[in-house]
>>> print(open('query_18.csv').read())   # CSV, C-alpha atoms
chain,number,residue,atom,x,y,z
Q,1,MET,CA,26.7,76.0,123.2
Q,2,GLN,CA,27.3,72.3,123.3
Q,3,ARG,CA,24.8,71.7,120.4
Q,4,ALA,CA,26.5,74.5,118.4
Q,5,SER,CA,29.9,73.0,119.3
Q,6,CYS,CA,28.7,69.6,118.3
Q,7,GLY,CA,27.3,70.9,115.0
Q,8,ASN,CA,30.5,72.6,114.2
Q,9,ARG,CA,32.5,69.4,114.9
Q,10,TYR,CA,30.4,67.3,112.5
Q,11,ALA,CA,30.5,70.0,109.9
Q,12,SER,CA,34.3,69.9,110.0
Q,13,ARG,CA,34.4,66.2,109.3
Q,14,PRO,CA,34.6,66.4,105.5
Q,15,THR,CA,37.5,68.8,105.9
Q,16,LEU,CA,39.2,66.4,108.3
Q,17,TRP,CA,38.6,63.4,105.9
Q,18,ILE,CA,40.0,65.4,103.0
Q,19,ALA,CA,43.1,66.3,105.0
Q,20,THR,CA,43.5,62.7,106.2
Q,21,LEU,CA,43.2,61.4,102.6
Q,22,ARG,CA,45.8,63.9,101.5
Q,23,ARG,CA,48.2,62.8,104.2
Q,24,ARG,CA,47.7,59.2,103.3
Q,25,ALA,CA,48.3,59.9,99.7
Q,26,GLN,CA,51.5,61.8,100.5
Q,27,VAL,CA,52.7,58.9,102.7
Q,28,ALA,CA,51.9,56.4,99.9
Q,29,PHE,CA,53.7,58.5,97.4
Q,30,SER,CA,56.7,58.8,99.6
Q,31,LEU,CA,56.7,55.0,100.2
Q,32,THR,CA,56.4,54.4,96.5
Q,33,CYS,CA,59.4,56.7,95.8
Q,34,PHE,CA,61.4,55.0,98.5
Q,35,ALA,CA,60.6,51.6,97.2
Q,36,MET,CA,61.6,52.6,93.7
Q,37,SER,CA,64.8,54.0,95.0
Q,38,CYS,CA,65.5,50.7,96.8
Q,39,GLY,CA,64.9,48.7,93.7
Q,40,ALA,CA,61.4,47.4,94.3
Q,41,SER,CA,60.5,48.5,90.8
Q,42,LEU,CA,63.0,45.9,89.6
Q,43,SER,CA,60.6,43.1,90.3
Q,44,ALA,CA,59.7,43.9,86.7
Q,45,GLN,CA,61.2,41.8,83.9
Q,46,ILE,CA,64.6,43.4,83.4
Q,47,VAL,CA,67.1,42.5,80.6
Q,48,VAL,CA,70.5,44.2,80.1
Q,49,ALA,CA,72.1,44.3,76.7
Q,50,GLY,CA,75.6,45.5,75.9
Q,51,SER,CA,76.6,47.4,72.7
Q,52,GLU,CA,80.0,48.0,71.3
Q,53,ASN,CA,81.2,50.8,69.1
Q,54,LYS,CA,85.0,50.7,69.4
Q,55,LEU,CA,85.4,47.6,67.2
Q,56,LYS,CA,83.6,46.7,64.0
Q,57,VAL,CA,83.5,43.1,62.8
Q,58,ASN,CA,84.4,42.7,59.1
Q,59,SER,CA,84.1,39.0,58.3
Q,60,SER,CA,86.6,37.5,60.6
Q,61,GLU,CA,88.5,40.7,61.4
Q,62,TRP,CA,87.9,43.2,64.2
Q,63,LEU,CA,88.6,46.7,63.1
Q,64,PRO,CA,89.3,49.4,65.7
Q,65,LYS,CA,87.4,52.7,65.5
Q,66,PHE,CA,89.3,55.3,67.4
Q,67,ASP,CA,86.7,58.0,66.6
Q,68,ALA,CA,83.7,56.0,67.6
Q,69,GLN,CA,81.0,56.8,70.2
Q,70,PRO,CA,81.5,55.2,73.6
Q,71,ASP,CA,80.2,51.6,74.2
Q,72,ALA,CA,76.9,51.5,76.0
Q,73,ILE,CA,74.3,49.2,77.7
Q,74,SER,CA,70.5,49.1,77.3
Q,75,VAL,CA,68.3,48.4,80.3
Q,76,ILE,CA,65.1,46.9,79.0
Q,77,ASP,CA,62.0,46.7,81.2
Q,78,PHE,CA,59.4,44.1,80.1
Q,79,SER,CA,56.8,44.9,82.8
Q,80,GLU,CA,54.8,46.3,79.9
Q,81,PHE,CA,54.8,45.8,76.1
Q,82,PRO,CA,56.3,47.3,74.2
Q,83,PRO,CA,59.1,47.4,76.8
Q,84,ARG,CA,60.7,50.5,78.2
Q,85,VAL,CA,64.3,51.0,77.2
Q,86,GLU,CA,67.0,53.2,78.8
Q,87,HIS,CA,70.4,53.5,77.1
Q,88,VAL,CA,73.5,54.2,79.3
Q,89,SER,CA,76.6,55.4,77.5
Q,90,GLY,CA,80.2,54.9,78.6
Q,91,ILE,CA,80.1,51.3,79.8
Q,92,SER,CA,82.6,49.3,77.7
Q,93,ASN,CA,82.1,45.8,76.6
Q,94,THR,CA,83.0,43.8,73.4
Q,95,VAL,CA,81.8,41.3,70.8
Q,96,ILE,CA,85.1,39.3,71.2
Q,97,GLY,CA,83.9,36.7,73.7
Q,98,PRO,CA,80.7,34.9,74.6
Q,99,PRO,CA,77.7,37.2,74.9
Q,100,SER,CA,77.4,36.2,78.6
Q,101,ASN,CA,79.7,39.0,79.8
Q,102,ILE,CA,76.8,40.5,81.8
Q,103,ALA,CA,75.4,39.1,85.0
Q,104,ILE,CA,72.6,40.5,87.3
Q,105,THR,CA,72.3,39.9,91.0
Q,106,PRO,CA,69.4,37.7,92.2
Q,107,ASP,CA,67.7,40.8,93.7
Q,108,GLY,CA,67.9,42.6,90.4
Q,109,ARG,CA,69.7,45.6,91.9
Q,110,VAL,CA,73.2,45.4,90.4
Q,111,ALA,CA,74.7,44.3,87.1
Q,112,LEU,CA,78.3,43.3,86.5
Q,113,ILE,CA,79.7,43.8,83.0
Q,114,SER,CA,83.1,42.5,81.8
Q,115,SER,CA,85.2,44.9,79.8
Q,116,SER,CA,87.4,42.5,77.9
Q,117,LEU,CA,89.2,44.7,75.4
Q,118,LYS,CA,90.2,48.4,75.1
Q,119,LEU,CA,91.5,50.5,72.2
Q,120,ASP,CA,95.3,50.8,72.1
Q,121,ARG,CA,97.1,52.7,69.4
Q,122,THR,CA,100.4,51.2,70.5
Q,123,THR,CA,99.5,47.7,69.2
Q,124,THR,CA,99.4,46.5,65.6
Q,125,LYS,CA,95.7,45.4,66.1
Q,126,GLY,CA,94.7,48.7,67.6
Q,127,TYR,CA,93.3,47.1,70.8
Q,128,SER,CA,94.6,45.1,73.8
Q,129,THR,CA,93.2,43.2,76.7
Q,130,ASP,CA,91.3,45.0,79.5
Q,131,THR,CA,91.0,43.9,83.1
Q,132,GLN,CA,87.8,45.7,84.3
Q,133,ILE,CA,84.5,44.6,85.6
Q,134,HIS,CA,82.0,47.4,85.7
Q,135,VAL,CA,79.5,47.7,88.6
Q,136,VAL,CA,76.2,49.2,87.5
Q,137,ASP,CA,73.4,50.3,89.9
Q,138,LEU,CA,70.2,49.3,88.3
Q,139,THR,CA,68.1,51.0,91.0
Q,140,SER,CA,69.2,54.4,89.8
Q,141,ARG,CA,67.1,56.3,87.3
Q,142,PRO,CA,68.8,56.2,84.9
Q,143,PRO,CA,71.0,53.2,85.8
Q,144,ARG,CA,74.5,54.3,86.4
Q,145,ARG,CA,78.0,52.9,86.7
Q,146,VAL,CA,79.1,53.3,90.3
Q,147,GLY,CA,82.5,51.6,90.2
Q,148,HIS,CA,84.7,48.9,88.8
Q,149,VAL,CA,87.0,46.2,90.0
Q,150,LEU,CA,90.2,44.8,88.4
Q,151,VAL,CA,90.5,41.1,87.6
Q,152,GLY,CA,92.6,39.1,85.2
Q,153,ARG,CA,93.2,39.8,81.5
Q,154,GLN,CA,90.3,39.8,79.1
Q,155,PRO,CA,87.5,39.0,81.6
Q,156,SER,CA,84.7,37.4,79.6
Q,157,GLY,CA,81.7,35.2,80.7
Q,158,LEU,CA,80.6,35.5,84.3
Q,159,SER,CA,78.0,34.2,86.7
Q,160,ILE,CA,76.7,35.1,90.2
Q,161,THR,CA,75.9,32.6,92.9
Q,162,PRO,CA,72.2,32.1,93.9
Q,163,ASP,CA,72.7,33.9,97.2
Q,164,GLY,CA,74.2,36.9,95.4
Q,165,ARG,CA,77.4,36.8,97.6
Q,166,ARG,CA,79.9,35.7,95.0
Q,167,ALA,CA,80.6,36.0,91.3
Q,168,LEU,CA,82.9,34.0,89.1
Q,169,VAL,CA,84.7,35.6,86.1
Q,170,ALA,CA,86.5,33.8,83.3
Q,171,ASN,CA,89.7,35.6,82.4
Q,172,ARG,CA,90.2,34.5,78.8
Q,173,ALA,CA,93.8,35.8,78.3
Q,174,ASP,CA,95.1,34.4,81.6
Q,175,GLY,CA,93.4,31.0,81.8
Q,176,THR,CA,92.1,31.8,85.2
Q,177,VAL,CA,88.8,32.4,87.1
Q,178,THR,CA,88.5,35.3,89.5
Q,179,VAL,CA,86.1,35.0,92.5
Q,180,LEU,CA,84.5,38.2,93.5
Q,181,ALA,CA,82.8,39.0,96.8
Q,182,LEU,CA,79.6,41.0,96.5
Q,183,ALA,CA,77.9,43.2,99.1
Q,184,GLY,CA,75.4,45.6,97.4
Q,185,THR,CA,77.5,47.7,95.0
Q,186,THR,CA,80.7,46.9,96.8
Q,187,VAL,CA,82.6,44.3,94.8
Q,188,GLU,CA,86.2,43.0,95.4
Q,189,PRO,CA,88.3,40.1,94.2
Q,190,VAL,CA,89.0,37.5,96.9
Q,191,GLN,CA,90.5,34.5,95.0
Q,192,THR,CA,92.1,33.6,91.7
Q,193,LEU,CA,92.0,30.0,90.3
Q,194,GLU,CA,94.3,28.6,87.7
Q,195,VAL,CA,92.1,26.6,85.3
Q,196,GLY,CA,94.3,26.4,82.3
Q,197,THR,CA,97.0,28.3,80.4
Q,198,PRO,CA,96.5,31.6,78.6
Q,199,GLU,CA,96.5,29.6,75.3
Q,200,ASP,CA,93.5,27.5,76.6
Q,201,GLN,CA,91.2,30.6,76.5
Q,202,VAL,CA,89.0,30.1,79.5
Q,203,SER,CA,85.9,31.8,78.2
Q,204,ASP,CA,82.8,31.3,80.3
Q,205,VAL,CA,81.5,30.0,83.7
Q,206,ALA,CA,78.1,28.8,84.9
Q,207,ILE,CA,77.1,28.2,88.5
Q,208,ALA,CA,74.6,25.5,89.5
Q,209,PRO,CA,71.3,26.6,91.2
Q,210,ASP,CA,72.4,25.0,94.5
Q,211,GLY,CA,75.6,27.1,94.5
Q,212,LYS,CA,77.9,24.0,95.0
Q,213,LEU,CA,79.3,23.5,91.5
Q,214,ALA,CA,80.4,25.5,88.5
Q,215,LEU,CA,81.3,24.6,84.9
Q,216,VAL,CA,84.0,26.5,83.1
Q,217,SER,CA,84.5,26.4,79.3
Q,218,VAL,CA,88.1,25.9,78.3
Q,219,ARG,CA,87.8,26.8,74.6
Q,220,GLU,CA,91.1,25.8,73.1
Q,221,GLY,CA,91.4,22.9,75.6
Q,222,PHE,CA,88.2,21.3,74.2
Q,223,HIS,CA,86.6,20.6,77.5
Q,224,LEU,CA,84.5,21.9,80.4
Q,225,ARG,CA,86.3,22.0,83.8
Q,226,VAL,CA,84.4,21.4,87.0
Q,227,LEU,CA,84.8,23.7,90.0
Q,228,LYS,CA,83.7,22.9,93.5
Q,229,ILE,CA,82.1,25.6,95.6
Q,230,ASP,CA,82.1,25.1,99.4
Q,231,ALA,CA,80.6,28.0,101.2
Q,232,ASP,CA,82.9,30.9,100.2
Q,233,VAL,CA,85.8,28.8,98.9
Q,234,VAL,CA,86.0,27.7,95.3
Q,235,SER,CA,88.4,25.0,94.1
Q,236,VAL,CA,89.4,23.4,90.8
Q,237,THR,CA,88.7,19.7,90.5
Q,238,GLU,CA,90.4,17.3,88.2
Q,239,ARG,CA,87.2,16.5,86.3
Q,240,LYS,CA,87.2,17.5,82.7
Q,241,LEU,CA,84.1,16.9,80.6
Q,242,SER,CA,84.3,16.0,76.9
Q,243,VAL,CA,82.4,18.4,74.5
Q,244,CYS,CA,81.8,18.7,70.8
Q,245,GLY,CA,84.1,21.3,69.4
Q,246,LYS,CA,85.4,24.4,71.2
Q,247,PRO,CA,83.2,25.2,74.2
Q,248,TYR,CA,82.1,28.8,74.4
Q,249,ARG,CA,78.8,29.9,76.1
Q,250,THR,CA,78.1,27.6,79.1
Q,251,ALA,CA,74.9,27.3,81.2
Q,252,ILE,CA,73.2,25.0,83.7
Q,253,THR,CA,69.5,24.4,83.6
Q,254,PRO,CA,67.4,26.0,86.5
Q,255,ASP,CA,66.7,22.6,88.0
Q,256,GLY,CA,70.4,21.9,88.2
Q,257,GLU,CA,70.1,18.6,86.3
Q,258,LEU,CA,71.9,19.5,83.0
Q,259,GLY,CA,74.9,21.4,81.9
Q,260,LEU,CA,75.0,22.9,78.4
Q,261,THR,CA,77.7,24.3,76.1
Q,262,ASN,CA,77.9,25.3,72.4
Q,263,GLY,CA,81.0,24.1,70.6
Q,264,SER,CA,82.4,25.4,67.3
Q,265,GLY,CA,84.6,23.4,65.0
Q,266,GLN,CA,87.5,24.4,62.8
Q,267,GLY,CA,85.4,26.7,60.5
Q,268,GLY,CA,84.1,25.9,57.1
Q,269,ALA,CA,80.6,24.6,56.6
Q,270,ASP,CA,80.8,21.8,59.2
Q,271,LEU,CA,77.9,21.5,61.6
Q,272,ASP,CA,78.4,22.6,65.2
Q,273,ALA,CA,76.6,21.1,68.2
Q,274,LEU,CA,75.2,21.7,71.6
Q,275,THR,CA,76.7,19.4,74.3
Q,276,VAL,CA,74.5,18.1,77.1
Q,277,ILE,CA,76.0,17.0,80.5
Q,278,ASP,CA,74.0,15.0,83.1
Q,279,LEU,CA,74.8,16.6,86.4
Q,280,THR,CA,72.7,14.1,88.3
Q,281,ALA,CA,74.9,11.2,87.2
Q,282,ASN,CA,77.6,9.8,89.5
Q,283,PRO,CA,80.1,10.7,88.2
Q,284,ILE,CA,78.6,13.6,86.2
Q,285,ARG,CA,79.1,12.9,82.5
Q,286,THR,CA,78.4,14.1,78.9
Q,287,VAL,CA,75.4,12.3,77.6
Q,288,ASP,CA,74.4,13.9,74.2
Q,289,TYR,CA,75.6,16.0,71.3
Q,290,ILE,CA,72.9,17.8,69.3
Q,291,ALA,CA,74.0,19.0,65.8
Q,292,LEU,CA,72.3,22.4,65.1
Q,293,GLY,CA,74.0,24.2,62.2
Q,294,VAL,CA,77.0,26.4,61.4
Q,295,GLY,CA,78.4,28.8,63.9
Q,296,ILE,CA,76.5,28.5,67.2
Q,297,GLU,CA,77.4,31.9,68.8
Q,298,SER,CA,75.4,31.6,71.9
Q,299,PHE,CA,72.2,30.3,73.5
Q,300,GLY,CA,69.6,31.1,76.2
Q,301,VAL,CA,67.7,28.8,78.6
Q,302,SER,CA,64.1,29.5,79.6
Q,303,PRO,CA,63.4,30.1,83.3
Q,304,ASP,CA,61.8,26.7,83.6
Q,305,GLY,CA,64.5,25.0,81.6
Q,306,GLY,CA,62.0,23.7,79.1
Q,307,LEU,CA,63.4,25.6,76.1
Q,308,VAL,CA,66.8,26.5,74.7
Q,309,ALA,CA,67.2,29.2,72.1
Q,310,ALA,CA,70.4,28.7,70.1
Q,311,MET,CA,71.8,31.6,67.9
Q,312,LEU,CA,73.5,30.4,64.7
Q,313,ILE,CA,75.6,32.8,62.6
Q,314,GLN,CA,75.1,30.4,59.6
Q,315,ASP,CA,78.1,31.9,57.7
Q,316,SER,CA,76.3,35.3,57.5
Q,317,ASN,CA,79.6,36.9,58.7
Q,318,ARG,CA,81.4,35.9,55.6
Q,319,PRO,CA,82.4,38.6,53.1
Q,320,GLU,CA,80.4,39.4,50.0
Q,321,GLY,CA,81.3,37.1,47.1
Q,322,ASP,CA,82.1,34.2,49.4
Q,323,PRO,CA,80.2,31.2,48.1
Q,324,LEU,CA,79.3,30.1,51.6
Q,325,ARG,CA,77.9,33.5,52.7
Q,326,THR,CA,74.3,33.6,53.8
Q,327,GLU,CA,72.1,36.6,54.3
Q,328,ASN,CA,70.4,35.4,57.5
Q,329,GLY,CA,71.4,34.0,60.8
Q,330,MET,CA,69.2,31.3,62.4
Q,331,LEU,CA,67.3,31.0,65.7
Q,332,VAL,CA,67.0,27.3,66.6
Q,333,LEU,CA,64.5,26.4,69.4
Q,334,LEU,CA,65.0,23.2,71.3
Q,335,ALA,CA,62.6,21.6,73.8
Q,336,ARG,CA,63.5,19.5,76.9
Q,337,ARG,CA,63.1,15.8,76.5
Q,338,ALA,CA,64.1,14.1,79.8
Q,339,LYS,CA,67.9,14.4,80.0
Q,340,THR,CA,68.4,16.1,76.6
Q,341,TYR,CA,66.8,18.5,74.1
Q,342,SER,CA,65.2,18.2,70.6
Q,343,VAL,CA,65.0,20.8,67.9
Q,344,VAL,CA,61.3,22.0,67.5
Q,345,GLN,CA,61.6,25.2,65.5
Q,346,ARG,CA,64.0,27.1,63.1
Q,347,VAL,CA,63.5,30.8,62.5
Q,348,PRO,CA,65.6,32.9,60.1
Q,349,ILE,CA,66.8,36.1,61.7
Q,350,GLY,CA,69.2,39.0,61.0
Q,351,ARG,CA,72.8,38.5,60.1
Q,352,TYR,CA,75.6,37.9,62.5
Q,353,THR,CA,73.6,36.7,65.5
Q,354,GLN,CA,74.9,37.2,69.1
Q,355,GLY,CA,73.1,36.8,72.5
Q,356,ALA,CA,69.8,35.3,73.4
Q,357,ALA,CA,67.8,35.7,76.6
Q,358,PHE,CA,64.3,34.8,77.9
Q,359,THR,CA,62.6,37.3,80.2
Q,360,SER,CA,62.4,35.9,83.8
Q,361,ASP,CA,58.6,35.2,83.4
Q,362,GLY,CA,59.3,33.2,80.2
Q,363,LYS,CA,56.9,35.2,78.1
Q,364,TYR,CA,59.4,36.7,75.7
Q,365,LEU,CA,62.7,35.8,74.0
Q,366,LEU,CA,65.2,38.5,72.9
Q,367,THR,CA,67.8,37.9,70.2
Q,368,GLU,CA,70.6,40.1,69.1
Q,369,CYS,CA,71.4,40.9,65.4
Q,370,TYR,CA,74.8,42.5,65.3
Q,371,THR,CA,74.9,43.9,61.8
Q,372,ALA,CA,71.5,45.6,62.0
Q,373,ARG,CA,72.2,47.0,65.5
Q,374,GLU,CA,68.9,45.7,66.8
Q,375,ILE,CA,67.3,43.2,69.2
Q,376,TRP,CA,64.4,41.1,67.9
Q,377,VAL,CA,61.6,40.3,70.3
Q,378,PHE,CA,59.7,37.0,70.1
Q,379,ARG,CA,56.6,35.9,72.1
Q,380,VAL,CA,56.9,32.4,73.6
Q,381,SER,CA,53.9,30.1,73.2
Q,382,GLY,CA,54.4,26.5,74.4
Q,383,GLU,CA,57.2,25.0,72.4
Q,384,ALA,CA,57.3,27.7,69.8
Q,385,VAL,CA,58.1,31.4,69.4
Q,386,GLU,CA,56.4,34.0,67.3
Q,387,ASP,CA,58.1,37.2,66.0
Q,388,THR,CA,56.3,40.2,67.5
Q,389,GLY,CA,57.8,42.4,64.9
Q,390,HIS,CA,59.1,44.7,67.6
Q,391,ARG,CA,62.7,45.7,67.2
Q,392,ILE,CA,64.8,47.4,69.9
Q,393,LYS,CA,67.4,49.7,68.3
Q,394,THR,CA,70.7,49.6,70.1
Q,395,PRO,CA,73.3,52.5,70.5
Q,396,GLY,CA,76.0,50.3,68.9
Q,397,PHE,CA,76.6,46.7,67.7
Q,398,PRO,CA,74.7,44.5,70.2
Q,399,ALA,CA,77.3,42.0,71.7
Q,400,SER,CA,76.0,40.7,75.0
Q,401,LEU,CA,72.7,40.0,76.7
Q,402,ARG,CA,71.4,38.8,80.1
Q,403,ALA,CA,68.0,38.7,81.8
Q,404,ALA,CA,67.5,39.2,85.5
Q,405,PRO,CA,66.9,35.9,87.3
>>> encode(input="query_18.csv", output="structure tokens")
Amino acid sequence: MQRASCGNRYASRPTLWIATLRRRAQVAFSLTCFAMSCGASLSAQIVVAGSENKLKVNSSEWLPKFDAQPDAISVIDFSEFPPRVEHVSGISNTVIGPPSNIAITPDGRVALISSSLKLDRTTTKGYSTDTQIHVVDLTSRPPRRVGHVLVGRQPSGLSITPDGRRALVANRADGTVTVLALAGTTVEPVQTLEVGTPEDQVSDVAIAPDGKLALVSVREGFHLRVLKIDADVVSVTERKLSVCGKPYRTAITPDGELGLTNGSGQGGADLDALTVIDLTANPIRTVDYIALGVGIESFGVSPDGGLVAAMLIQDSNRPEGDPLRTENGMLVLLARRAKTYSVVQRVPIGRYTQGAAFTSDGKYLLTECYTAREIWVFRVSGEAVEDTGHRIKTPGFPASLRAAP
């Protein structure tokens, strides 16, 4: 009886093993699903692009389209190539303002998106300033808008602190910066700073990697303003940094050593420049101006700070028949040289360029071509980029772009 019992027990082991393996597989599957729902899948290389449909740029005019499809965002996952793309409709954003009106929290779970303008039939232009920041849950499948918060008029460029607890938003039509408190998908305004007047057009803000300083572009004031961040309190200092032209997009290198901003002039065929600020100097000061070309719309900085990709319109937004019109924008690649940058490559791209962003692993560079409604993807190799030929079609005119940190 014992032998028979023993034999039956051993005979049942394959069945037990199979059952055990099944249970383990079920547990692993459940854990995977849980991790994905918690955003673990967002360790991938995520880039968020915003597309606008409500306004169409015709040369220097913005024409309202009251019957247009809703604005949208595209969530692009570079964990594989070609990247996976999910389009999410109904999240408004606009081409009027720097393409840095998107920011992603350090954990990659939440995106904040400025809604600067809205259609308005009661105005002569057909649109007026908005005051919303959309809150988007990137862990959902598909990603979804889970709320919004109200800030100043025409919120534009924004930036999130390295600890993910605060965000700063430049309110272009108010001349102010709003400080937001972040806790997951809960976002609320906690402070408003007067940086300039509404006429000054405060357009963008960049936060240093140590979270202690921010630079604000005061476009019509022709300077960058320095903000001090002390724990949860932000204050405006008296320091104004000289720049070339009207500062627009603003960034700080990942090592915290340099501040960068692109400045446009008074129009025409004059060259525009990138301004370089030495943040390690005492006091911090502007140290270089790098002439790049006509119409620097925006730029992106690589994760190691070694490269800057500047997007030049190159008069490609001019109407047909204009003697200064060109049929291509220009991607200008710059490489770090101590406390400044040097031009190392120029690549013609589509007309009316907008945002640029490197993936967080530094392997790819994305550039927006407004007129063609597409994003061009480049592969990064040392101090050069190569066009992969891959194009991401967008559900509208691409107007903003930001990669997860």
>>> closest_residue(input="query_18.csv", among="Q:Ala208, Q:Gly245, Q:Leu331, Q:Arg225", to="Val343 (chain Q)", atoms="only C-alpha atoms")
Q:Leu331
>>> residues_around(input="query_18.csv", residues="Asn171 (chain Q)", least_positions_apart="5", cutoff="7 Å", atoms="all atoms listed in the file", output="PyMOL selection string")
chain Q and resi 152-156+176-177+202-203
>>> residues_around(input="query_18.csv", residues="Arg239 (chain Q)", least_positions_apart="2", cutoff="12 Å", atoms="all atoms listed in the file", output="list in words")
Val195, Leu213, Ala214, Leu215, Val216, His223, Leu224, Arg225, Val226, Leu227, Lys228, Ser235, Val236, Thr237, Leu241, Ser242, Pro283, Ile284, Arg285 and Thr286 of chain Q
>>> write_last_selection(input="query_18.csv", atoms="C-alpha atoms", output="PDB file, in the frame of the given file")
ATOM      1  CA  VAL Q 195      92.100  26.600  85.300  1.00  0.00           C
ATOM      2  CA  LEU Q 213      79.300  23.500  91.500  1.00  0.00           C
ATOM      3  CA  ALA Q 214      80.400  25.500  88.500  1.00  0.00           C
ATOM      4  CA  LEU Q 215      81.300  24.600  84.900  1.00  0.00           C
ATOM      5  CA  VAL Q 216      84.000  26.500  83.100  1.00  0.00           C
ATOM      6  CA  HIS Q 223      86.600  20.600  77.500  1.00  0.00           C
ATOM      7  CA  LEU Q 224      84.500  21.900  80.400  1.00  0.00           C
ATOM      8  CA  ARG Q 225      86.300  22.000  83.800  1.00  0.00           C
ATOM      9  CA  VAL Q 226      84.400  21.400  87.000  1.00  0.00           C
ATOM     10  CA  LEU Q 227      84.800  23.700  90.000  1.00  0.00           C
ATOM     11  CA  LYS Q 228      83.700  22.900  93.500  1.00  0.00           C
ATOM     12  CA  SER Q 235      88.400  25.000  94.100  1.00  0.00           C
ATOM     13  CA  VAL Q 236      89.400  23.400  90.800  1.00  0.00           C
ATOM     14  CA  THR Q 237      88.700  19.700  90.500  1.00  0.00           C
ATOM     15  CA  LEU Q 241      84.100  16.900  80.600  1.00  0.00           C
ATOM     16  CA  SER Q 242      84.300  16.000  76.900  1.00  0.00           C
ATOM     17  CA  PRO Q 283      80.100  10.700  88.200  1.00  0.00           C
ATOM     18  CA  ILE Q 284      78.600  13.600  86.200  1.00  0.00           C
ATOM     19  CA  ARG Q 285      79.100  12.900  82.500  1.00  0.00           C
ATOM     20  CA  THR Q 286      78.400  14.100  78.900  1.00  0.00           C
TER      21      THR Q 286
END
>>> closest_residue(input="query_18.csv", among="Q:Asp163, Q:Asp204, Q:Asp210, Q:Asp77", to="Ala251 (chain Q)", atoms="all atoms listed in the file")
Q:Asp204
>>> atom_distance(input="query_18.csv", atom1="CA of Leu112 (chain Q)", atom2="CA of Leu158 (chain Q)")
8.4 Å
>>> atom_distance(input="query_18.csv", atom1="CA of Glu297 (chain Q)", atom2="CA of Ile229 (chain Q)")
27.9 Å
>>> residues_near_point(input="query_18.csv", point="(61.5, 21.5, 81.7)", cutoff="8 Å", atoms="all atoms listed in the file", output="PyMOL selection string")
chain Q and resi 304-307+335-337
>>> closest_residue(input="query_18.csv", among="Q:Leu55, Q:Ser74, Q:Ala281, Q:Arg121", to="Glu374 (chain Q)", atoms="all atoms listed in the file")
Q:Ser74
>>> closest_residue(input="query_18.csv", among="Q:Val380, Q:Thr367, Q:Ala357, Q:Val308", to="Met330 (chain Q)", atoms="all atoms listed in the file")
Q:Thr367
>>> closest_residue(input="query_18.csv", among="Q:Gln132, Q:Asn328, Q:Ser140, Q:Asn93", to="Glu188 (chain Q)", atoms="all atoms listed in the file")
Q:Gln132
>>> atom_distance(input="query_18.csv", atom1="CA of Pro254 (chain Q)", atom2="CA of Leu279 (chain Q)")
12.0 Å
>>> residues_near_point(input="query_18.csv", point="(74.2, 19.7, 75.8)", cutoff="8 Å", atoms="only C-alpha atoms", output="ChimeraX atom specification")
/Q:258-262,274-277,286-290,340-341
>>> residues_around(input="query_18.csv", residues="Arg84 (chain Q)", least_positions_apart="5", cutoff="10 Å", atoms="all atoms listed in the file", output="VMD selection string")
chain Q and resid 46 74 to 79 392
>>> decode(input="query_18.csv", residues="region 177-196 of chain Q", atoms="C-alpha atoms", output="CSV table (one decimal), in the first residue's frame")
chain,number,residue,atom,x,y,z
Q,177,VAL,CA,4.8,82.7,-14.4
Q,178,THR,CA,2.5,80.3,-12.6
Q,179,VAL,CA,3.9,77.7,-10.1
Q,180,LEU,CA,2.0,74.4,-10.1
Q,181,ALA,CA,2.1,71.8,-7.4
Q,182,LEU,CA,2.1,68.2,-8.7
Q,183,ALA,CA,1.1,65.0,-7.0
Q,184,GLY,CA,0.4,62.2,-9.5
Q,185,THR,CA,-2.4,63.5,-11.7
Q,186,THR,CA,-3.4,66.1,-9.2
Q,187,VAL,CA,-2.2,69.5,-10.3
Q,188,GLU,CA,-3.0,72.9,-8.7
Q,189,PRO,CA,-1.7,76.5,-8.9
Q,190,VAL,CA,0.1,77.6,-5.7
Q,191,GLN,CA,1.9,80.8,-6.8
Q,192,THR,CA,1.9,83.5,-9.5
Q,193,LEU,CA,5.0,85.6,-10.2
Q,194,GLU,CA,5.0,88.9,-12.0
Q,195,VAL,CA,8.0,88.7,-14.4
Q,196,GLY,CA,7.1,91.5,-16.8
